[in-house]
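**Student:** Okay, so here is coords-v8.pdb, and as you'll see once you scroll down, it has PDB, C-alpha atoms.
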ATOM      1  CA  MET A 530      65.013 107.968 105.290
ATOM      2  CA  SER A 531      67.422 105.294 103.982
ATOM      3  CA  ASP A 532      70.234 105.779 101.474
ATOM      4  CA  PHE A 533      72.338 103.215  99.675
ATOM      5  CA  CYS A 534      76.044 102.670 100.109
ATOM      6  CA  VAL A 535      78.844 100.768  98.371
ATOM      7  CA  ALA A 536      81.923  98.943  99.596
ATOM      8  CA  GLY A 537      85.394  99.366  98.119
ATOM      9  CA  VAL A 538      87.925  96.660  98.954
ATOM     10  CA  ASP A 539      91.665  96.888  98.277
ATOM     11  CA  LEU A 540      93.000  93.328  98.420
ATOM     12  CA  GLY A 541      96.730  93.023  99.029
ATOM     13  CA  GLY A 542      99.093  90.261  99.934
ATOM     14  CA  THR A 543      99.380  91.451 103.532
ATOM     15  CA  LYS A 544      96.274  93.579 104.165
ATOM     16  CA  ILE A 545      92.660  94.064 103.172
ATOM     17  CA  TYR A 546      91.566  97.714 103.273
ATOM     18  CA  THR A 547      87.789  98.208 103.063
ATOM     19  CA  VAL A 548      85.841 101.450 102.826
ATOM     20  CA  LEU A 549      82.072 101.857 103.014
ATOM     21  CA  ALA A 550      80.843 105.024 101.300
ATOM     22  CA  SER A 551      77.538 106.742 100.676
ATOM     23  CA  SER A 552      76.013 107.367  97.267
ATOM     24  CA  ARG A 553      77.868 110.707  97.292
ATOM     25  CA  GLY A 554      81.234 109.103  97.997
ATOM     26  CA  GLU A 555      81.328 110.143 101.647
ATOM     27  CA  VAL A 556      83.219 107.652 103.804
ATOM     28  CA  LEU A 557      80.936 106.055 106.369
ATOM     29  CA  ALA A 558      83.372 103.519 107.802
ATOM     30  CA  GLU A 559      86.714 101.923 107.013
ATOM     31  CA  ARG A 560      88.749  98.990 108.286
ATOM     32  CA  LYS A 561      92.162  97.461 107.610
ATOM     33  CA  ILE A 562      92.747  93.825 108.538
ATOM     34  CA  PRO A 563      95.512  91.292 107.795
ATOM     35  CA  THR A 564      94.964  89.201 104.663
ATOM     36  CA  GLU A 565      96.494  86.004 106.099
ATOM     37  CA  ALA A 566      97.175  84.829 102.550
ATOM     38  CA  GLU A 567      99.196  81.849 103.744
ATOM     39  CA  LYS A 568      95.955  80.234 104.978
ATOM     40  CA  GLY A 569      94.622  79.795 101.448
ATOM     41  CA  LEU A 570      91.932  80.986  99.066
ATOM     42  CA  GLN A 571      88.843  80.182 101.116
ATOM     43  CA  HIS A 572      90.284  81.857 104.190
ATOM     44  CA  VAL A 573      91.087  85.051 102.264
ATOM     45  CA  ILE A 574      87.575  85.122 100.823
ATOM     46  CA  ALA A 575      86.237  84.794 104.363
ATOM     47  CA  ARG A 576      88.494  87.695 105.402
ATOM     48  CA  ILE A 577      87.111  89.871 102.580
ATOM     49  CA  LEU A 578      83.558  89.110 103.700
ATOM     50  CA  GLU A 579      84.516  89.747 107.328
ATOM     51  CA  SER A 580      85.950  93.158 106.453
ATOM     52  CA  VAL A 581      82.751  94.110 104.623
ATOM     53  CA  GLU A 582      80.638  93.010 107.587
ATOM     54  CA  GLN A 583      82.830  95.065 109.916
ATOM     55  CA  VAL A 584      82.334  98.305 108.001
ATOM     56  CA  LYS A 585      78.608  97.610 107.671
ATOM     57  CA  ARG A 586      78.397  97.312 111.455
ATOM     58  CA  ASP A 587      80.342 100.560 111.876
ATOM     59  CA  ALA A 588      78.069 102.529 109.516
ATOM     60  CA  PRO A 589      74.655 104.055 110.271
ATOM     61  CA  PRO A 590      71.975 101.346 109.953
ATOM     62  CA  SER A 591      69.908 103.420 107.501
ATOM     63  CA  PHE A 592      72.432 102.751 104.701
ATOM     64  CA  ARG A 593      71.827  99.668 102.559
ATOM     65  CA  LEU A 594      74.713  98.087 100.653
ATOM     66  CA  ARG A 595      74.132  97.840  96.895
ATOM     67  CA  ALA A 596      77.482  96.945  95.359
ATOM     68  CA  LEU A 597      81.022  95.893  96.163
ATOM     69  CA  ALA A 598      84.119  96.607  94.093
ATOM     70  CA  LEU A 599      87.408  94.808  94.586
ATOM     71  CA  GLY A 600      90.870  95.978  93.620
ATOM     72  CA  ALA A 601      93.329  93.104  93.273
ATOM     73  CA  PRO A 602      96.964  92.645  92.224
ATOM     74  CA  GLY A 603      98.260  90.726  89.265
ATOM     75  CA  PRO A 604      96.945  90.086  85.754
ATOM     76  CA  LEU A 605      93.166  89.871  85.748
ATOM     77  CA  ASP A 606      90.102  90.065  83.517
ATOM     78  CA  SER A 607      87.865  92.802  84.887
ATOM     79  CA  SER A 608      85.057  92.076  82.419
ATOM     80  CA  ARG A 609      84.790  88.407  83.471
ATOM     81  CA  GLY A 610      85.762  88.968  87.100
ATOM     82  CA  ILE A 611      88.707  86.560  87.082
ATOM     83  CA  ILE A 612      92.084  87.015  88.769
ATOM     84  CA  HIS A 613      94.498  85.151  86.491
ATOM     85  CA  PHE A 614      97.552  85.307  88.717
ATOM     86  CA  ALA A 615      98.228  86.978  92.076
ATOM     87  CA  PRO A 616     101.686  85.845  93.246
ATOM     88  CA  ASN A 617     101.404  87.375  96.723
ATOM     89  CA  LEU A 618      98.198  85.390  97.257
ATOM     90  CA  ASN A 619      99.238  82.281  95.286
ATOM     91  CA  TRP A 620      96.013  82.516  93.262
ATOM     92  CA  HIS A 621      95.602  81.175  89.727
ATOM     93  CA  ASN A 622      92.493  81.816  87.607
ATOM     94  CA  VAL A 623      90.193  82.572  90.529
ATOM     95  CA  PRO A 624      86.644  83.646  89.475
ATOM     96  CA  ILE A 625      86.482  86.022  92.401
ATOM     97  CA  ARG A 626      83.496  88.030  91.171
ATOM     98  CA  ALA A 627      81.252  84.964  90.859
ATOM     99  CA  ILE A 628      82.405  83.672  94.241
ATOM    100  CA  LEU A 629      81.673  86.934  96.040
ATOM    101  CA  GLU A 630      78.369  87.517  94.257
ATOM    102  CA  GLU A 631      77.188  84.069  95.272
ATOM    103  CA  LYS A 632      78.194  84.599  98.891
ATOM    104  CA  THR A 633      76.884  88.161  99.278
ATOM    105  CA  GLY A 634      74.009  88.557  96.842
ATOM    106  CA  PHE A 635      75.438  91.938  95.859
ATOM    107  CA  ARG A 636      76.764  93.133  92.542
ATOM    108  CA  VAL A 637      80.557  92.729  92.530
ATOM    109  CA  LEU A 638      83.076  94.496  90.283
ATOM    110  CA  LEU A 639      86.776  93.804  89.821
ATOM    111  CA  ASP A 640      89.748  95.825  88.597
ATOM    112  CA  ASN A 641      93.494  96.044  88.935
ATOM    113  CA  ASP A 642      94.601  97.630  92.223
ATOM    114  CA  ALA A 643      96.884 100.189  90.541
ATOM    115  CA  ASN A 644      94.078 101.231  88.166
ATOM    116  CA  LEU A 645      91.790 101.787  91.120
ATOM    117  CA  ALA A 646      94.429 103.746  93.019
ATOM    118  CA  ALA A 647      94.645 106.013  89.959
ATOM    119  CA  LEU A 648      90.868 106.369  89.907
ATOM    120  CA  GLY A 649      90.834 107.146  93.628
ATOM    121  CA  GLU A 650      93.446 109.897  93.271
ATOM    122  CA  HIS A 651      91.607 111.246  90.239
ATOM    123  CA  LEU A 652      88.249 111.618  91.950
ATOM    124  CA  TYR A 653      89.148 112.145  95.604
ATOM    125  CA  GLY A 654      92.844 113.038  95.759
ATOM    126  CA  ALA A 655      95.621 114.935  94.018
ATOM    127  CA  GLY A 656      94.118 114.560  90.529
ATOM    128  CA  ARG A 657      90.723 116.096  91.241
ATOM    129  CA  GLY A 658      89.503 118.021  88.197
ATOM    130  CA  ALA A 659      92.103 116.550  85.832
ATOM    131  CA  ASP A 660      90.825 115.145  82.553
ATOM    132  CA  ASN A 661      94.207 113.633  81.712
ATOM    133  CA  MET A 662      96.284 112.248  84.557
ATOM    134  CA  VAL A 663      99.075 109.723  85.086
ATOM    135  CA  PHE A 664      99.350 108.038  88.474
ATOM    136  CA  ILE A 665     102.529 106.219  89.487
ATOM    137  CA  THR A 666     103.146 104.410  92.749
ATOM    138  CA  ILE A 667     106.752 103.657  93.615
ATOM    139  CA  SER A 668     107.095 101.212  96.470
ATOM    140  CA  THR A 669     108.177  97.545  96.499
ATOM    141  CA  GLY A 670     107.454  97.610  92.769
ATOM    142  CA  VAL A 671     106.340 100.341  90.374
ATOM    143  CA  GLY A 672     102.731 100.451  89.199
ATOM    144  CA  GLY A 673     100.349 102.992  87.829
ATOM    145  CA  GLY A 674      97.195 103.915  86.034
ATOM    146  CA  LEU A 675      96.034 106.289  83.315
ATOM    147  CA  ILE A 676      93.085 108.663  83.282
ATOM    148  CA  LEU A 677      92.431 109.861  79.718
ATOM    149  CA  ASP A 678      89.569 112.182  78.783
ATOM    150  CA  GLY A 679      88.260 111.819  82.320
ATOM    151  CA  LYS A 680      88.046 108.023  82.252
ATOM    152  CA  LEU A 681      90.192 105.162  83.434
ATOM    153  CA  TYR A 682      92.076 103.798  80.421
ATOM    154  CA  ARG A 683      92.481 100.018  80.497
ATOM    155  CA  GLY A 684      93.649  99.353  76.923
ATOM    156  CA  SER A 685      92.274  96.891  74.384
ATOM    157  CA  ALA A 686      92.903  93.821  76.559
ATOM    158  CA  GLY A 687      92.936  95.416  80.006
ATOM    159  CA  GLY A 688      96.723  95.587  80.180
ATOM    160  CA  ALA A 689      97.322  99.350  80.003
ATOM    161  CA  GLY A 690      99.152 101.248  82.714
ATOM    162  CA  GLU A 691     102.085  98.855  83.282
ATOM    163  CA  ILE A 692     104.316 101.858  83.853
ATOM    164  CA  GLY A 693     106.853  99.909  85.887
ATOM    165  CA  HIS A 694     107.716  97.811  82.846
ATOM    166  CA  MET A 695     108.687 100.614  80.501
ATOM    167  CA  THR A 696     112.291 100.154  79.428
ATOM    168  CA  VAL A 697     114.319 103.144  80.615
ATOM    169  CA  LEU A 698     117.813 101.611  80.396
ATOM    170  CA  PRO A 699     118.328  99.051  77.606
ATOM    171  CA  GLY A 700     120.589  96.306  78.897
ATOM    172  CA  GLY A 701     120.006  97.391  82.486
ATOM    173  CA  PRO A 702     119.342  95.134  85.475
ATOM    174  CA  ARG A 703     117.014  92.180  85.127
ATOM    175  CA  CYS A 704     113.412  92.862  86.122
ATOM    176  CA  SER A 705     111.055  90.369  87.745
ATOM    177  CA  CYS A 706     109.087  90.350  84.473
ATOM    178  CA  GLY A 707     112.114  88.932  82.629
ATOM    179  CA  ASN A 708     113.025  92.082  80.733
ATOM    180  CA  ARG A 709     116.094  94.206  81.408
ATOM    181  CA  GLY A 710     116.166  97.893  82.272
ATOM    182  CA  CYS A 711     112.535  98.298  83.357
ATOM    183  CA  LEU A 712     111.643 101.292  85.491
ATOM    184  CA  GLU A 713     110.747  98.886  88.302
ATOM    185  CA  ALA A 714     114.222  97.330  88.167
ATOM    186  CA  LEU A 715     115.836 100.745  88.614
ATOM    187  CA  SER A 716     113.581 102.957  90.738
ATOM    188  CA  SER A 717     111.497 100.692  93.000
ATOM    189  CA  GLY A 718     112.112 100.226  96.700
ATOM    190  CA  THR A 719     113.407  96.752  95.895
ATOM    191  CA  ALA A 720     115.877  98.167  93.368
ATOM    192  CA  ILE A 721     117.108 100.803  95.828
ATOM    193  CA  ALA A 722     117.617  98.212  98.578
ATOM    194  CA  ARG A 723     119.414  95.879  96.167
ATOM    195  CA  ALA A 724     121.813  98.625  95.039
ATOM    196  CA  ALA A 725     122.528  99.559  98.656
ATOM    197  CA  GLY A 726     123.148  95.929  99.586
ATOM    198  CA  LYS A 727     125.757  95.646  96.828
ATOM    199  CA  LEU A 728     127.412  98.857  97.997
ATOM    200  CA  VAL A 729     127.634  97.640 101.586
ATOM    201  CA  ALA A 730     128.893  94.211 100.483
ATOM    202  CA  GLY A 731     131.719  96.022  98.677
ATOM    203  CA  GLY A 732     132.742  97.865 101.837
ATOM    204  CA  GLY A 733     130.953 101.166 101.247
ATOM    205  CA  GLY A 734     127.741 102.706 102.521
ATOM    206  CA  GLN A 735     128.636 102.656 106.202
ATOM    207  CA  GLU A 736     125.906 105.166 107.023
ATOM    208  CA  ILE A 737     123.417 102.866 105.273
ATOM    209  CA  LEU A 738     124.605  99.916 107.341
ATOM    210  CA  ALA A 739     124.371 101.972 110.536
ATOM    211  CA  ALA A 740     120.823 103.033 109.656
ATOM    212  CA  ALA A 741     120.007  99.327 109.280
ATOM    213  CA  GLY A 742     121.271  98.647 112.789
ATOM    214  CA  GLY A 743     124.377  96.964 111.452
ATOM    215  CA  ASP A 744     122.351  94.182 109.782
ATOM    216  CA  PRO A 745     122.689  94.063 105.969
ATOM    217  CA  GLY A 746     119.510  91.980 105.847
ATOM    218  CA  LYS A 747     117.523  94.962 107.134
ATOM    219  CA  ILE A 748     118.562  97.363 104.394
ATOM    220  CA  SER A 749     115.449  98.852 102.756
ATOM    221  CA  ALA A 750     114.613 101.875 100.650
ATOM    222  CA  ALA A 751     113.570 103.707 103.837
ATOM    223  CA  VAL A 752     116.950 102.892 105.398
ATOM    224  CA  VAL A 753     118.762 104.202 102.314
ATOM    225  CA  ALA A 754     116.655 107.383 102.371
ATOM    226  CA  ALA A 755     117.505 107.899 106.055
ATOM    227  CA  ALA A 756     121.211 107.524 105.295
ATOM    228  CA  ALA A 757     120.896 109.928 102.355
ATOM    229  CA  ALA A 758     119.274 112.488 104.662
ATOM    230  CA  GLN A 759     122.413 112.202 106.839
ATOM    231  CA  GLY A 760     124.530 112.978 103.794
ATOM    232  CA  ASP A 761     125.997 109.528 103.126
ATOM    233  CA  PRO A 762     127.429 109.875  99.601
ATOM    234  CA  GLY A 763     126.609 106.316  98.566
ATOM    235  CA  ALA A 764     123.003 106.612  99.714
ATOM    236  CA  VAL A 765     122.632 109.993  98.014
ATOM    237  CA  SER A 766     123.948 108.499  94.774
ATOM    238  CA  ILE A 767     121.530 105.532  94.931
ATOM    239  CA  ILE A 768     118.474 107.738  95.566
ATOM    240  CA  ALA A 769     119.583 110.165  92.864
ATOM    241  CA  GLY A 770     119.953 107.296  90.395
ATOM    242  CA  ALA A 771     116.456 106.014  91.165
ATOM    243  CA  ALA A 772     115.129 109.565  90.729
ATOM    244  CA  ARG A 773     116.886 109.910  87.388
ATOM    245  CA  TYR A 774     115.294 106.829  85.893
ATOM    246  CA  LEU A 775     111.908 107.678  87.369
ATOM    247  CA  GLY A 776     112.203 111.117  85.778
ATOM    248  CA  ILE A 777     113.063 109.539  82.419
ATOM    249  CA  GLY A 778     109.931 107.406  82.677
ATOM    250  CA  VAL A 779     107.777 110.391  83.600
ATOM    251  CA  ALA A 780     109.226 112.448  80.725
ATOM    252  CA  ASN A 781     108.348 109.670  78.274
ATOM    253  CA  LEU A 782     104.774 109.610  79.569
ATOM    254  CA  VAL A 783     104.518 113.404  79.370
ATOM    255  CA  ASN A 784     105.672 113.377  75.743
ATOM    256  CA  LEU A 785     103.312 110.537  74.872
ATOM    257  CA  LEU A 786     100.155 111.594  76.711
ATOM    258  CA  ASN A 787     100.475 115.340  77.495
ATOM    259  CA  PRO A 788      98.700 114.976  80.869
ATOM    260  CA  SER A 789      97.815 117.941  83.048
ATOM    261  CA  HIS A 790      98.776 116.002  86.201
ATOM    262  CA  VAL A 791     101.380 113.392  87.048
ATOM    263  CA  VAL A 792     100.692 112.102  90.556
ATOM    264  CA  LEU A 793     103.490 110.245  92.331
ATOM    265  CA  GLY A 794     102.872 108.121  95.411
ATOM    266  CA  GLY A 795     104.274 105.143  97.288
ATOM    267  CA  GLY A 796     106.863 104.739 100.003
ATOM    268  CA  VAL A 797     109.890 105.626  97.864
ATOM    269  CA  MET A 798     108.599 109.178  97.363
ATOM    270  CA  ALA A 799     108.914 109.668 101.127
ATOM    271  CA  ALA A 800     112.640 110.097 100.439
ATOM    272  CA  GLY A 801     111.692 113.731  99.953
ATOM    273  CA  GLU A 802     113.222 116.532  97.976
ATOM    274  CA  LEU A 803     116.242 114.533  96.818
ATOM    275  CA  ILE A 804     114.060 112.236  94.723
ATOM    276  CA  TRP A 805     111.533 114.906  93.748
ATOM    277  CA  GLU A 806     114.196 117.289  92.462
ATOM    278  CA  GLY A 807     115.808 114.509  90.447
ATOM    279  CA  VAL A 808     112.486 113.677  88.810
ATOM    280  CA  ARG A 809     111.724 117.323  88.046
ATOM    281  CA  ARG A 810     115.198 117.814  86.553
ATOM    282  CA  GLU A 811     114.797 114.907  84.136
ATOM    283  CA  VAL A 812     111.279 115.940  83.140
ATOM    284  CA  ARG A 813     112.519 119.459  82.339
ATOM    285  CA  ALA A 814     115.471 118.095  80.369
ATOM    286  CA  ARG A 815     113.697 115.333  78.446
ATOM    287  CA  SER A 816     110.099 116.367  77.792
ATOM    288  CA  LEU A 817     108.970 118.715  75.055
ATOM    289  CA  ALA A 818     108.037 122.190  76.234
ATOM    290  CA  ALA A 819     104.625 121.943  74.563
ATOM    291  CA  ALA A 820     103.923 118.569  76.226
ATOM    292  CA  ARG A 821     104.745 119.809  79.736
ATOM    293  CA  LEU A 822     103.007 123.179  79.387
ATOM    294  CA  GLY A 823     100.859 123.581  82.512
ATOM    295  CA  LEU A 824     101.974 120.204  83.849
ATOM    296  CA  ARG A 825     101.473 119.609  87.566
ATOM    297  CA  LEU A 826     103.871 117.078  89.063
ATOM    298  CA  VAL A 827     102.359 116.455  92.487
ATOM    299  CA  PRO A 828     102.438 114.026  95.417
ATOM    300  CA  ALA A 829      99.562 111.605  95.915
ATOM    301  CA  GLU A 830      97.149 112.586  98.681
ATOM    302  CA  LEU A 831      95.306 109.406  99.639
ATOM    303  CA  GLY A 832      98.220 107.186 100.660
ATOM    304  CA  GLY A 833      97.185 103.619 101.419
ATOM    305  CA  ARG A 834      93.524 104.561 101.055
ATOM    306  CA  ALA A 835      93.764 105.255  97.310
ATOM    307  CA  GLY A 836      92.914 101.753  96.067
ATOM    308  CA  ALA A 837      89.888 101.378  98.331
ATOM    309  CA  MET A 838      88.586 104.816  97.327
ATOM    310  CA  GLY A 839      89.051 103.913  93.667
ATOM    311  CA  ALA A 840      87.051 100.754  94.291
ATOM    312  CA  VAL A 841      84.328 102.913  95.848
ATOM    313  CA  ALA A 842      84.331 105.066  92.714
ATOM    314  CA  LEU A 843      84.072 102.002  90.472
ATOM    315  CA  ALA A 844      81.091 100.687  92.446
ATOM    316  CA  LEU A 845      79.368 104.069  92.366
ATOM    317  CA  GLN A 846      79.876 104.354  88.605
ATOM    318  CA  ALA A 847      78.230 100.955  88.224
ATOM    319  CA  VAL A 848      75.149 101.803  90.279
ATOM    320  CA  ASN A 849      74.981 105.441  89.114
ATOM    321  CA  PRO A 850      76.089 105.128  85.472
ATOM    322  CA  GLN A 851      74.836 108.628  84.659
ATOM    323  CA  GLU A 852      77.275 110.214  87.111
TER     324      GLU A 852
END
Before we go any further, please render this structure as structure tokens.

**Tutor:**
Amino acid sequence: MSDFCVAGVDLGGTKIYTVLASSRGEVLAERKIPTEAEKGLQHVIARILESVEQVKRDAPPSFRLRALALGAPGPLDSSRGIIHFAPNLNWHNVPIRAILEEKTGFRVLLDNDANLAALGEHLYGAGRGADNMVFITISTGVGGGLILDGKLYRGSAGGAGEIGHMTVLPGGPRCSCGNRGCLEALSSGTAIARAAGKLVAGGGGQEILAAAGGDPGKISAAVVAAAAAQGDPGAVSIIAGAARYLGIGVANLVNLLNPSHVVLGGGVMAAGELIWEGVRREVRARSLAAARLGLRLVPAELGGRAGAMGAVALALQAVNPQE
């Protein structure tokens, strides 16, 4: 007896992560391959199709593919299936849905990668059972997604969930978006590495430099976290500062949305208890008691799989709208 399946594709600047799942959301096969974005649009499209073919070959032959959902970075129009701008791919106004539908013959859906990571954690990860959930990923940048009343909230023009661009320090460092004092400019892996680089350039942070093998060009958030774990005061201060501003951002979201769950993921959270305790401290200090009543501040569970699993969920919702 045959069953249908769907494909969820998380398209990034360096990798394409594809999951094939049954109608019940059970993973049948998954693959991660390099994007090879430098080879251009048509090559990346071919890589997406190749990844889908790979998981189809890995799955039981009785499953027939019915839909494909794609999570992509950058500003996009999910209703029209157009990626307006993806800097890591050098794409501008690419009608990716129409392209993939023409090449595959399947129904194709599109959404922001951070939105789909939120949806994945909501349905299959740390936010299971939560009607109101905030998801934040803190890595190279800071992104996120909102689940309100059990549904992904996109906003009136699809731009909701830009958590990394909340202002948490007016007049603070310049963000890549052009604003100053954004959460991303203060708590992202890029911000942590930048602060550590300045410290080392000024003659401090010797444990940070040692953790980078003596090469200032190799300083990263992971390197700073390793130095902090060894007790380097400068590294501890940098991680604590990032945690403080992240906690301010979370407290603002708690006061605004009163979620039951705030799920934090991304490489920066691997810094461990130092960053978690800083976030918890700020949330306790800055959120209203009524807004944080019953709040669960928890680590993400799906890791790098979250976006692909959210894409699976989006495809399943499209082919099983009653579920």

**Student:** For stretch 778-786 of chain A, find every residue with an atom within 6 Å (counting only C-alpha atoms), except residues of its own chain fewer than 3 positions away, and show them as a list in words.

**Tutor:**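 Counting only C-alpha atoms, the residues come to Leu775, Val812, Arg815, Ser816 and Ala820 of chain A.
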
**Student:** Report, in Å to a single decimal, how far apart atom CA of A:Thr547 and atom CA of A:Val841 are.

**Tutor:**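 Computing the Euclidean distance for atom CA of A:Val841 and atom CA of A:Thr547 yields 9.3 Å.
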
**Student:** Hey, what's within 10 Å of A:Val538 if we count all atoms listed in the file and toss same-chain stuff fewer than 4 positions away? As a list in words, please?

**Tutor:**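 In the requested form, the answer reads Ile545, Tyr546, Thr547, Val548, Leu549, Glu559, Arg560, Lys561, Ile577, Leu578, Ser580, Val581, Leu597, Ala598, Leu599, Gly600, Ala601, Leu639, Asp642, Arg834, Gly836, Ala837, Met838, Gly839, Ala840 and Val841 of chain A.
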
**Student:** Just so the selection is clear, what residues does the PyMOL selection byres ((chain A and resi 655) around 10) cover here, as JSON, numbers by chain?

**Tutor:** {"A": [647, 649, 650, 651, 652, 653, 654, 656, 657, 658, 659, 662, 664, 790, 791, 792, 793, 825, 826, 827, 828, 829, 830, 831]}

**Student:** How many Å lie between atom CA of A:Pro604 and atom CA of A:Ala750, rounded to one decimal?

**Tutor:**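 Result for atom CA of A:Pro604 versus atom CA of A:Ala750: 25.9 Å, one decimal.
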
**Student:** To one decimal place, how far is atom CA of A:Cys704 from atom CA of A:Gly603 in Å?

**Tutor:** 15.6 Å

**Student:** Between A:Arg723, A:Arg593, A:Arg626, A:Arg586, which one has atoms that come closest to A:Ile768, using all atoms listed in the file?

**Tutor:**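 Closest candidate: A:Arg723.
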
**Student:** Got a moment to write stretch 804-849 of chain A out with C-alpha atoms, as a PDB file, in the first residue's frame?

**Tutor:**
ATOM      1  CA  ILE A 804      25.014  33.029  28.614  1.00  0.00           C
ATOM      2  CA  TRP A 805      21.900  31.228  29.844  1.00  0.00           C
ATOM      3  CA  GLU A 806      22.182  32.645  33.357  1.00  0.00           C
ATOM      4  CA  GLY A 807      22.674  36.144  31.980  1.00  0.00           C
ATOM      5  CA  VAL A 808      19.531  35.831  29.876  1.00  0.00           C
ATOM      6  CA  ARG A 809      17.491  34.451  32.772  1.00  0.00           C
ATOM      7  CA  ARG A 810      18.704  37.250  35.059  1.00  0.00           C
ATOM      8  CA  GLU A 811      17.590  39.977  32.658  1.00  0.00           C
ATOM      9  CA  VAL A 812      14.236  38.320  31.995  1.00  0.00           C
ATOM     10  CA  ARG A 813      13.567  38.128  35.747  1.00  0.00           C
ATOM     11  CA  ALA A 814      14.612  41.751  36.235  1.00  0.00           C
ATOM     12  CA  ARG A 815      12.857  43.301  33.236  1.00  0.00           C
ATOM     13  CA  SER A 816       9.681  41.353  32.491  1.00  0.00           C
ATOM     14  CA  LEU A 817       6.408  41.731  34.341  1.00  0.00           C
ATOM     15  CA  ALA A 818       5.620  38.923  36.756  1.00  0.00           C
ATOM     16  CA  ALA A 819       2.231  38.342  35.121  1.00  0.00           C
ATOM     17  CA  ALA A 820       3.810  38.150  31.640  1.00  0.00           C
ATOM     18  CA  ARG A 821       6.413  35.557  32.656  1.00  0.00           C
ATOM     19  CA  LEU A 822       4.067  33.450  34.791  1.00  0.00           C
ATOM     20  CA  GLY A 823       4.619  29.837  33.704  1.00  0.00           C
ATOM     21  CA  LEU A 824       7.214  30.888  31.136  1.00  0.00           C
ATOM     22  CA  ARG A 825       9.562  28.172  29.898  1.00  0.00           C
ATOM     23  CA  LEU A 826      12.906  29.468  28.659  1.00  0.00           C
ATOM     24  CA  VAL A 827      14.375  26.416  26.948  1.00  0.00           C
ATOM     25  CA  PRO A 828      17.087  25.349  24.499  1.00  0.00           C
ATOM     26  CA  ALA A 829      16.135  24.400  20.954  1.00  0.00           C
ATOM     27  CA  GLU A 830      16.103  20.659  20.289  1.00  0.00           C
ATOM     28  CA  LEU A 831      16.374  20.264  16.521  1.00  0.00           C
ATOM     29  CA  GLY A 832      19.660  22.060  15.861  1.00  0.00           C
ATOM     30  CA  GLY A 833      20.453  22.416  12.171  1.00  0.00           C
ATOM     31  CA  ARG A 834      17.456  20.261  11.278  1.00  0.00           C
ATOM     32  CA  ALA A 835      14.884  22.812  12.480  1.00  0.00           C
ATOM     33  CA  GLY A 836      14.424  24.690   9.195  1.00  0.00           C
ATOM     34  CA  ALA A 837      14.006  21.533   7.124  1.00  0.00           C
ATOM     35  CA  MET A 838      11.493  20.113   9.612  1.00  0.00           C
ATOM     36  CA  GLY A 839       9.571  23.388   9.525  1.00  0.00           C
ATOM     37  CA  ALA A 840       9.503  23.138   5.743  1.00  0.00           C
ATOM     38  CA  VAL A 841       8.115  19.611   6.109  1.00  0.00           C
ATOM     39  CA  ALA A 842       5.395  20.984   8.384  1.00  0.00           C
ATOM     40  CA  LEU A 843       4.539  23.729   5.892  1.00  0.00           C
ATOM     41  CA  ALA A 844       4.213  21.198   3.064  1.00  0.00           C
ATOM     42  CA  LEU A 845       2.057  18.900   5.182  1.00  0.00           C
ATOM     43  CA  GLN A 846      -0.231  21.780   6.161  1.00  0.00           C
ATOM     44  CA  ALA A 847      -0.675  22.551   2.471  1.00  0.00           C
ATOM     45  CA  VAL A 848      -1.608  19.009   1.461  1.00  0.00           C
ATOM     46  CA  ASN A 849      -3.515  18.250   4.688  1.00  0.00           C
TER      47      ASN A 849
END
